[in-house]
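**Student:** Here it is, the structure in full.
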Amino acid sequence: MINAVAVSRPAPGAGLRKTHRRRLFVLAGLLAALVVTVVLSLAVGAKPVPPADVWHALTGPTGTENDIVVRSLRIPRTAIGVMAGIALGVAGALMQGHTRNPLADPGLLGVTQGAAFAMVLSIIVLGVTSPYGYIWFGLAGALLASAGVFALGMAGGRGGPTPVTLALAGTAVSAFLYGLTSALVLLDEQAMNVFRFWQSGSIAARGADVAWQVLPFIFIAAGLILALINAPGLNALSLGEDVARALGQNIILTRVVGIAAITLLSGASVAVCGSLAFIGLIVPHLTRPLSGPDHRWLLPYSGLAGAAALLLADVIGRVVAFPGELEVGVVLALVGAPFFIVLVRRRKPVRL
């Protein structure tokens with residue numbers, strides 16, 4: 001009898017291997033979804049391009065009209081969408097993990113308002129008119145605003161910033177910068193026009209030079225590396241700070257690495273694409289049931305899902321307003337607002 005039970009019992013580690021295979025299968029599924037949305041992003045638009053012509057433009061362009069459309073317009077737009085979607089998805093998962101707040105997104109650290117204020121200030125004070133200038137100043141503003149929020153959070157109590165002090169400091173800094181930005185744009189028409197276009201959020205009208213600028217690529221790559229380094233520490237923090245300390249975790253260092261990753265990821269994407277709301281909020285909630293609480297899986301899931309969701313929203317914006325198009329930021333706001341309301345009204349609170 002004992003031998004029969006021993007034979008029927010799963011081998012040690014079999015359950016873990018099964019879970020590992022399932023997670024890899026989901027990861028492959030998300031990667032496949034991203035590939036599909038990339039193809040749609042290259043093919044769908046004011047000038048539809050058949051998939052065969054997309055393949056021809058990618059592998060052997062001969063200067064046809066479809067080749068020019070795909071290579072000069074669609075590829076840069078798609079590349080920026082992939083980078084921004086990955087960055088915002090990962091940043092959102094990190095932000096919700098560090099603040100233990102299911103309604104948190106990267107904008108809570110003041111990133112969006114910091115970038116907006118710096119761009120408007122550069123136009124009015126320094127007369128900046130080039131898109132590169134906007135990107136650099138936007139990124140600098142996002143970094144400075146995040147540093148300010150973190151400094152205020154550090155001052156909120158002993159032992160480093162807490163989820164509550166970070167959230168309060170982020171809300172206060174964002175509101176303050178929003179007020180300053182609103183006052184400035186009322187004084188300058190050019191700043192108003194740039195700010196209005198940037199605030200709507202878009203990945204269109206960005207050329208290959210912007211898409212492959214070293215700036216966003218390096219900052220997003222550095223942010224992703226820091227995010228993956230931060231994942232094990234964030235898992236320990238999810239058990240509570242006292243338990244994390246008992247496990248030998250350096251709480252302040254984990255917070256610093258996490259905030260740095262959020263700032264690099266969301267700052268670079270916001271500076272290039274403007275304010276893209278709801279990606280960082282929605283995507284982690286969609287992927288968490290698939291990954292579980294383990295951030296080592298949640299982060300890559302959120303990155304791939306964020307990129308696919310951003311490209312899909314951009315494609316929808318091209319289809320519903322054909323032959324014109326809606327900015328992707330507008331589509332995300334229209335889709336994300338109902339999701340936000342459902343999230344708030346759920347009877348069972350979301351546990352992080």
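Order determines the names: the first chain of the structure tokens is A, the second B, and so forth; residues in each chain are numbered 1 upward, and ligands are numbered 1 upward as they are shown.
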Would you list the contacts of region 183-193 of chain A as number ranges by chain, taking every protein, DNA or RNA residue within 12 Å and counting only C-alpha atoms, but skipping same-chain residues closer than 4 positions in sequence?
**Tutor:** A: 116-129, 134, 176-179, 197-200
**Student:** Within 12 Å of Asn250 (chain A), counting only C-alpha atoms, which residues show up once you throw out same-chain ones fewer than 3 positions away? Write them as number ranges by chain, please.
**Tutor:** A: 159-160, 230, 232-234, 236-237, 241-247, 253-257
**Student:** Take the residues from that selection and write them out as a CSV table (one decimal), in the first residue's frame, keeping C-alpha atoms.
**Tutor:**
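Once written, result.csv looks like this:
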chain,number,residue,atom,x,y,z
A,159,GLY,CA,13.8,54.2,7.4
A,160,GLY,CA,13.3,55.6,3.9
A,230,ASN,CA,14.7,45.0,-8.7
A,232,PRO,CA,13.6,39.7,-6.4
A,233,GLY,CA,13.7,42.5,-3.8
A,234,LEU,CA,10.2,43.6,-4.7
A,236,ALA,CA,10.5,40.3,-0.6
A,237,LEU,CA,8.9,43.7,0.0
A,241,GLU,CA,9.0,45.4,5.2
A,242,ASP,CA,9.5,43.6,8.5
A,243,VAL,CA,9.7,40.2,6.8
A,244,ALA,CA,11.9,41.7,4.0
A,245,ARG,CA,14.3,43.0,6.6
A,246,ALA,CA,14.3,39.6,8.4
A,247,LEU,CA,15.2,38.0,5.0
A,253,LEU,CA,18.4,50.2,-1.8
A,254,THR,CA,15.5,48.2,-3.2
A,255,ARG,CA,13.3,51.4,-3.2
A,256,VAL,CA,16.1,53.5,-4.9
A,257,VAL,CA,16.6,50.9,-7.6
**Student:** Excluding Leu311 (chain A) and any residue of its chain fewer than 5 positions from it, enumerate the residues within 9 Å of it, using only C-alpha atoms, and give them as a VMD selection string.
**Tutor:** chain A and resid 34 37 to 38 40 to 41 78 81 to 82 85 306 316 328
**Student:** Considering only helix (DSSP H, G or I) as DSSP defines it on the backbone, what residues of region 119-350 of chain A qualify? List them as a PyMOL selection string.
**Tutor:** chain A and resi 119-126+131-154+163-185+189-200+208-211+214-237+241-246+251-273+279-291+295-320+328-345
**Student:** For Gly148 (chain A), which residue out of A:Ala104, A:Leu290, A:Ile259, A:Ile225 is the nearest one, using only C-alpha atoms?
**Tutor:**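 Checking each candidate against Gly148 (chain A), we get A:Ile259 as the closest.
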**Student:** Near Leu88 (chain A), counting only C-alpha atoms, which residues have an atom at most 7 Å away, once you skip same-chain residues fewer than 2 positions from it, shown as a ChimeraX atom specification?
**Tutor:** /A:84-86,90-92,265-266,279-280,306
**Student:** Using only C-alpha atoms, which residues sit within 12 Å of Met95 (chain A) once same-chain residues fewer than 4 positions away are excluded, as a count of residues only?
**Tutor:** 41
**Student:** Distance CA of Pro50 (chain A)-CA of Asp67 (chain A), one decimal place?
**Tutor:** 11.1 Å
**Student:** In Å, with one decimal, what is the gap from CA of Ile220 (chain A) to CA of Ser302 (chain A)?
**Tutor:**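 Interatomic distance here is 14.6 Å.
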**Student:** Have a look at A:Leu334, A:Ala79, A:Leu94, A:Cys273 and name the one nearest to Pro300 (chain A); count only C-alpha atoms.
**Tutor:**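 Ranked by minimum distance to Pro300 (chain A), first place goes to A:Leu94.
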**Student:** Give the answer as one residue: which of A:Gly133, A:Gly267, A:Gly240, A:Gly29 has the shortest atom-to-atom distance to Gln113 (chain A), using only C-alpha atoms?
**Tutor:** A:Gly267
**Student:** Mind pulling up the distance from CA of Val319 (chain A) to CA of Phe278 (chain A)?
**Tutor:**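 CA of Phe278 (chain A) sits 20.7 Å away from CA of Val319 (chain A).
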